[in-house]
Amino acid sequence: MQSTEVASPGADPAAPPHTVVGVTNSVAATFDLLGDRLTLTILRHAFAGRARRFTQWLDHTGAPPAVLTARLAALVDSGVLERSPVPGTPDRFEYRLTELGLATWEILVCVWSWQREWTPEWALLPEFVHADCGHRGPPVLMCTGCGRTVTAHDTDVELDRDALWHITSGRRRSGRGTGPARGDAQFDEIMEAIGDRWSAAVTGLALAGVRRFSEFRAALHMSPTTLTERLTRLVEAGILDRSEAGGRDYRLTPRGRALFGVFAFLLAWSNRAHPQSPEPGLLIRHRECGAVLIPALRCRGCEGELGRRDVRFEVPVRGSRDVPD
Ligand SMILES: [Zn+2]
Ligand SMILES: [Zn+2]
């Protein structure tokens with residue numbers, strides 16, 4: 001993937017952020033909401049149809065009640081979940097995925113796919129099976145504009161420096177819970193890359209082809225200390241490699257590059273969730289057809305497009321794990 005920067009005329013990358021208050025960049029809001037292990041755990045159980053009522057969410061996530069309450073409320077506010085009274089018991093409520101919530105499915109599939117390929121727990125994760133053709137294994141990405149299969153190498157990323165600024169300069173919209181949720185240790189490794197908007201912004205820029213410390217610094221509103229700390233953590237997490245040749249240079253490892261699908265779907269979902277928002281600052285374009293990438297999942301076996309009703313997750317080993325099905 002190559003990046004081109006579309007800086008606004010006269011934009012000064014060193015200028016102080018003057019519109020921080022009240023501005024929430026849509027991509028930042030998306031990472032605040034979805035780059036969270038409890039949220040991913042909630043979504044996983046929602047897709048599996050295991051939980052609707054509060055007590056069921058408590059059982060399945062193990063989260064402290066106050067934290068869970070706040071997270072469910074944030075998901076309702078964001079239009080991902082819908083809260084409605086349980087029929088016959090008007091003082092009790094249940095939470096269901098909305099259309100927008102259902103549209104997070106591809107993100108979860110890419111998270112699963114990455115974990116299965118790049119973390120030690122892969123053998124415990126369920127296999128992805130295309131029901132129609134029986135193919136087992138992770139899907140690939142396709143561009144819905146032209147129907148071709150697409151990887152990070154086939155795309156260009158356009159960065160708007162002014163808009164990117166807001167990804168790391170805005171205030172968090174909602175606080176994150178501190179209590180660990182049972183069973184979501186499986187999201188530990190991916191959280192290093194998407195678990196907060198700063199790490200996500202750095203990883204996203206690396207996917208866009210940014211390599212030099214000075215380039216990261218120019219694109220993001222981060223102190224050199226914070227940026228160094230983020231880069232170091234991403235190196236330790238095996239997402240980036242640091243090379244000393246000719247200055248400080250950071251490149252994605254194959255493991256880091258494999259996060260492309262997660263980011264492509266997060267960005268597409270963000271655009272869908274914030275149709276009125278100003279430019280998100282980040283645009284992925286499919287080089288071959290020139291269209292802004294609207295990704296879809298495709299079966300590697302039959303090349304068919306995959307929706308959530310077309311696949312099943314099969315647990316390949318004994319000792320059933322808590323997994324999407
Ligand atoms: Zn295309
Ligand atoms: Zn297939």
# chains A, B, ... in the order shown; residues from 1 in each chain; ligands from 1
>>> residues_near_ligand(ligand="ligand 2", cutoff="9 Å", atoms="only C-alpha atoms and all ligand atoms", output="PDB file with C-alpha atoms, in the first residue's frame")
ATOM      1  CA  VAL A 129     -16.551 -22.854   7.033  1.00  0.00           C
ATOM      2  CA  HIS A 130     -18.446 -21.692   3.965  1.00  0.00           C
ATOM      3  CA  ALA A 131     -21.695 -23.629   4.164  1.00  0.00           C
ATOM      4  CA  ASP A 132     -22.374 -23.597   0.400  1.00  0.00           C
ATOM      5  CA  CYS A 133     -19.091 -25.043  -0.817  1.00  0.00           C
ATOM      6  CA  GLY A 134     -17.687 -26.560   2.376  1.00  0.00           C
ATOM      7  CA  HIS A 135     -14.419 -24.661   2.113  1.00  0.00           C
ATOM      8  CA  ARG A 136     -12.656 -24.330   5.456  1.00  0.00           C
ATOM      9  CA  PRO A 139     -11.767 -15.616   3.721  1.00  0.00           C
ATOM     10  CA  ARG A 298     -14.891 -13.672  -0.231  1.00  0.00           C
ATOM     11  CA  CYS A 299     -14.517 -17.427   0.099  1.00  0.00           C
ATOM     12  CA  ARG A 300     -11.102 -18.686  -0.990  1.00  0.00           C
ATOM     13  CA  GLY A 301     -12.664 -21.914  -2.180  1.00  0.00           C
ATOM     14  CA  CYS A 302     -15.495 -20.879  -4.498  1.00  0.00           C
ATOM     15  CA  GLU A 303     -14.782 -17.125  -4.645  1.00  0.00           C
ATOM     16  CA  GLY A 304     -18.353 -16.361  -3.582  1.00  0.00           C
ATOM     17  CA  GLU A 305     -19.100 -13.295  -1.473  1.00  0.00           C
ATOM     18  CA  LEU A 306     -19.730 -14.204   2.161  1.00  0.00           C
ATOM     19  CA  ASP A 310     -23.401 -18.157   4.619  1.00  0.00           C
ATOM     20  CA  VAL A 311     -20.818 -19.389   7.089  1.00  0.00           C
TER      21      VAL A 311
END
>>> residues_around(residues="Gln115 (chain A)", least_positions_apart="6", cutoff="12 Å", atoms="only C-alpha atoms", output="ChimeraX atom specification")
/A:108-109,121-127,138,185-191,255-256,258-259,262
>>> closest_atom_pairs(of="chain A", to="ligand 1", cutoff="6 Å", atoms="only C-alpha atoms and all ligand atoms", output="Markdown table")
| residue | atom | partner | partner_atom_place_in_ligand_line | distance |
| --- | --- | --- | --- | --- |
| A:Cys143 | CA | ligand 1 | 1 (Zn) | 4.6 |
| A:Gly145 | CA | ligand 1 | 1 (Zn) | 4.7 |
| A:Cys146 | CA | ligand 1 | 1 (Zn) | 4.1 |
| A:Arg148 | CA | ligand 1 | 1 (Zn) | 5.9 |
| A:His286 | CA | ligand 1 | 1 (Zn) | 5.0 |
| A:Glu288 | CA | ligand 1 | 1 (Zn) | 5.9 |
| A:Cys289 | CA | ligand 1 | 1 (Zn) | 4.4 |
| A:Ala291 | CA | ligand 1 | 1 (Zn) | 5.7 |
>>> write_last_selection(atoms="N, CA and C atoms", output="PDB file, in the first residue's frame")
ATOM      1  N   CYS A 143     -12.960  -6.186  -3.404  1.00  0.00           N
ATOM      2  CA  CYS A 143     -13.439  -4.828  -3.624  1.00  0.00           C
ATOM      3  C   CYS A 143     -14.830  -4.944  -4.251  1.00  0.00           C
ATOM      4  N   GLY A 145     -16.419  -2.678  -5.586  1.00  0.00           N
ATOM      5  CA  GLY A 145     -16.503  -1.830  -6.772  1.00  0.00           C
ATOM      6  C   GLY A 145     -16.237  -2.604  -8.055  1.00  0.00           C
ATOM      7  N   CYS A 146     -15.253  -3.488  -8.031  1.00  0.00           N
ATOM      8  CA  CYS A 146     -14.875  -4.187  -9.267  1.00  0.00           C
ATOM      9  C   CYS A 146     -14.932  -5.695  -9.121  1.00  0.00           C
ATOM     10  N   ARG A 148     -12.783  -7.645  -7.655  1.00  0.00           N
ATOM     11  CA  ARG A 148     -11.493  -8.330  -7.576  1.00  0.00           C
ATOM     12  C   ARG A 148     -11.094  -8.554  -6.118  1.00  0.00           C
ATOM     13  N   HIS A 286      -8.780   1.371  -4.054  1.00  0.00           N
ATOM     14  CA  HIS A 286      -8.317   0.196  -4.784  1.00  0.00           C
ATOM     15  C   HIS A 286      -7.633   0.686  -6.053  1.00  0.00           C
ATOM     16  N   GLU A 288      -6.446  -0.742  -8.746  1.00  0.00           N
ATOM     17  CA  GLU A 288      -6.810  -1.276 -10.060  1.00  0.00           C
ATOM     18  C   GLU A 288      -8.061  -0.648 -10.646  1.00  0.00           C
ATOM     19  N   CYS A 289      -9.063  -0.395  -9.788  1.00  0.00           N
ATOM     20  CA  CYS A 289     -10.308   0.145 -10.330  1.00  0.00           C
ATOM     21  C   CYS A 289     -10.511   1.609  -9.956  1.00  0.00           C
ATOM     22  N   ALA A 291     -11.677   2.890  -7.303  1.00  0.00           N
ATOM     23  CA  ALA A 291     -12.785   3.173  -6.387  1.00  0.00           C
ATOM     24  C   ALA A 291     -12.299   3.219  -4.945  1.00  0.00           C
TER      25      ALA A 291
END
>>> select_by_dssp(residues="region 63-310 of chain A", states="strand (DSSP E)", output="MDAnalysis selection string")
chainID A and resid 81:86 89:97 127:130 140:143 155:159 240:243 249:252 282:286 295:298 305:306
>>> write_last_selection(atoms="N, CA and C atoms", output="compact mmCIF listing (two decimals), in the first residue's frame")
# COMPACT_ATOMS: atom_id res chain seq x y z
N LEU A 81 -26.51 -1.38 19.33
CA LEU A 81 -27.50 -2.22 20.00
C LEU A 81 -28.80 -1.43 20.18
N GLU A 82 -29.88 -2.17 20.27
CA GLU A 82 -31.19 -1.57 20.49
C GLU A 82 -31.70 -2.13 21.82
N ARG A 83 -32.15 -1.24 22.69
CA ARG A 83 -32.65 -1.68 24.00
C ARG A 83 -34.16 -1.61 23.95
N SER A 84 -34.80 -2.71 24.32
CA SER A 84 -36.26 -2.70 24.31
C SER A 84 -36.78 -3.53 25.47
N PRO A 85 -37.99 -3.22 25.94
CA PRO A 85 -38.53 -3.98 27.07
C PRO A 85 -38.78 -5.43 26.68
N VAL A 86 -38.54 -6.32 27.62
CA VAL A 86 -38.86 -7.72 27.40
C VAL A 86 -40.38 -7.86 27.40
N THR A 89 -42.72 -8.12 30.55
CA THR A 89 -42.05 -7.61 31.75
C THR A 89 -41.46 -6.24 31.42
N PRO A 90 -42.30 -5.23 31.47
CA PRO A 90 -41.88 -3.90 31.00
C PRO A 90 -40.74 -3.28 31.79
N ASP A 91 -40.43 -3.81 32.96
CA ASP A 91 -39.32 -3.23 33.72
C ASP A 91 -38.00 -3.95 33.43
N ARG A 92 -38.07 -4.91 32.53
CA ARG A 92 -36.82 -5.60 32.16
C ARG A 92 -36.55 -5.35 30.68
N PHE A 93 -35.27 -5.28 30.35
CA PHE A 93 -34.89 -4.89 29.00
C PHE A 93 -33.98 -5.93 28.35
N GLU A 94 -34.03 -5.93 27.03
CA GLU A 94 -33.06 -6.76 26.32
C GLU A 94 -32.37 -5.93 25.24
N TYR A 95 -31.23 -6.41 24.84
CA TYR A 95 -30.38 -5.69 23.88
C TYR A 95 -30.18 -6.57 22.65
N ARG A 96 -30.46 -5.99 21.50
CA ARG A 96 -30.26 -6.73 20.25
C ARG A 96 -29.46 -5.89 19.27
N LEU A 97 -28.77 -6.58 18.37
CA LEU A 97 -28.00 -5.88 17.35
C LEU A 97 -28.93 -5.17 16.37
N GLU A 127 -12.97 -23.04 13.35
CA GLU A 127 -12.70 -22.90 11.92
C GLU A 127 -13.87 -22.24 11.22
N PHE A 128 -13.53 -21.48 10.23
CA PHE A 128 -14.51 -20.74 9.44
C PHE A 128 -14.86 -21.62 8.24
N VAL A 129 -16.13 -21.94 8.10
CA VAL A 129 -16.55 -22.85 7.03
C VAL A 129 -17.63 -22.19 6.18
N HIS A 130 -17.42 -22.19 4.87
CA HIS A 130 -18.45 -21.69 3.97
C HIS A 130 -19.46 -22.81 3.75
N VAL A 140 -10.87 -14.09 2.09
CA VAL A 140 -10.04 -12.98 1.63
C VAL A 140 -10.94 -11.76 1.45
N LEU A 141 -10.30 -10.64 1.18
CA LEU A 141 -11.07 -9.41 0.95
C LEU A 141 -11.31 -9.22 -0.54
N MET A 142 -12.46 -8.68 -0.86
CA MET A 142 -12.69 -8.27 -2.24
C MET A 142 -13.18 -6.83 -2.26
N CYS A 143 -12.96 -6.19 -3.40
CA CYS A 143 -13.44 -4.83 -3.62
C CYS A 143 -14.83 -4.94 -4.25
N THR A 155 -3.63 -1.41 -2.81
CA THR A 155 -4.38 -0.21 -2.46
C THR A 155 -3.47 0.99 -2.23
N ASP A 156 -4.03 2.16 -2.37
CA ASP A 156 -3.36 3.40 -1.99
C ASP A 156 -4.17 4.01 -0.86
N VAL A 157 -3.47 4.63 0.06
CA VAL A 157 -4.16 5.29 1.16
C VAL A 157 -3.96 6.79 1.05
N GLU A 158 -5.03 7.51 1.09
CA GLU A 158 -4.95 8.96 1.04
C GLU A 158 -5.15 9.50 2.45
N LEU A 159 -4.22 10.31 2.87
CA LEU A 159 -4.27 10.86 4.21
C LEU A 159 -4.56 12.35 4.14
N LEU A 240 5.29 -4.10 14.38
CA LEU A 240 6.27 -3.34 13.61
C LEU A 240 7.68 -3.90 13.88
N ASP A 241 8.55 -3.66 12.90
CA ASP A 241 9.98 -3.93 13.05
C ASP A 241 10.71 -2.61 12.98
N ARG A 242 11.73 -2.47 13.81
CA ARG A 242 12.48 -1.23 13.76
C ARG A 242 13.81 -1.47 13.06
N SER A 243 14.12 -0.59 12.14
CA SER A 243 15.40 -0.69 11.48
C SER A 243 16.17 0.59 11.73
N ASP A 249 13.38 3.91 11.37
CA ASP A 249 12.48 3.45 10.33
C ASP A 249 11.65 2.32 10.91
N TYR A 250 10.36 2.36 10.72
CA TYR A 250 9.50 1.30 11.25
C TYR A 250 8.71 0.69 10.11
N ARG A 251 8.78 -0.63 10.02
CA ARG A 251 8.03 -1.32 8.97
C ARG A 251 7.12 -2.36 9.58
N LEU A 252 6.01 -2.58 8.92
CA LEU A 252 5.10 -3.62 9.39
C LEU A 252 5.74 -4.98 9.22
N LEU A 282 -8.81 9.56 6.27
CA LEU A 282 -8.14 8.34 5.84
C LEU A 282 -9.04 7.67 4.81
N LEU A 283 -8.48 7.42 3.66
CA LEU A 283 -9.28 6.84 2.58
C LEU A 283 -8.46 5.73 1.93
N ILE A 284 -9.04 4.56 1.78
CA ILE A 284 -8.34 3.48 1.09
C ILE A 284 -8.91 3.37 -0.32
N ARG A 285 -8.06 3.43 -1.30
CA ARG A 285 -8.51 3.36 -2.68
C ARG A 285 -7.93 2.10 -3.34
N HIS A 286 -8.78 1.37 -4.05
CA HIS A 286 -8.32 0.20 -4.78
C HIS A 286 -7.63 0.69 -6.05
N PRO A 295 -15.01 -2.87 1.21
CA PRO A 295 -14.60 -4.27 1.20
C PRO A 295 -15.75 -5.23 1.49
N ALA A 296 -15.59 -6.44 1.02
CA ALA A 296 -16.49 -7.53 1.38
C ALA A 296 -15.62 -8.77 1.58
N LEU A 297 -16.18 -9.78 2.20
CA LEU A 297 -15.45 -11.03 2.41
C LEU A 297 -15.75 -11.99 1.27
N ARG A 298 -14.73 -12.71 0.87
CA ARG A 298 -14.89 -13.67 -0.23
C ARG A 298 -14.30 -15.01 0.18
N GLU A 305 -19.08 -14.30 -2.54
CA GLU A 305 -19.10 -13.29 -1.47
C GLU A 305 -19.77 -13.90 -0.24
N LEU A 306 -19.25 -13.57 0.94
CA LEU A 306 -19.73 -14.20 2.16
C LEU A 306 -20.48 -13.23 3.05
>>> atom_distance(atom1="CA of Trp269 (chain A)", atom2="CA of Cys110 (chain A)")
13.0 Å
>>> select_by_dssp(residues="region 75-254 of chain A", states="alpha helix (DSSP H)", output="ChimeraX atom specification")
/A:75-77,99-102,105-118,161-169,188-194,197-207,213-219,224-236,254
>>> closest_residue(among="A:Leu267, A:Ile42, A:Ala208, A:Ala218", to="Arg71 (chain A)", atoms="only C-alpha atoms")
A:Ile42
>>> atom_distance(atom1="CA of Gly307 (chain A)", atom2="CA of Leu33 (chain A)")
23.1 Å
>>> atom_distance(atom1="CA of Glu99 (chain A)", atom2="CA of Phe47 (chain A)")
12.1 Å
>>> closest_residue(among="A:Met222, A:Leu266, A:Ala63, A:Val150", to="Val111 (chain A)", atoms="only C-alpha atoms")
A:Leu266
>>> closest_residue(among="A:Asp154, A:Asp36, A:Asp160, A:Asp59", to="Phe260 (chain A)", atoms="only C-alpha atoms")
A:Asp154
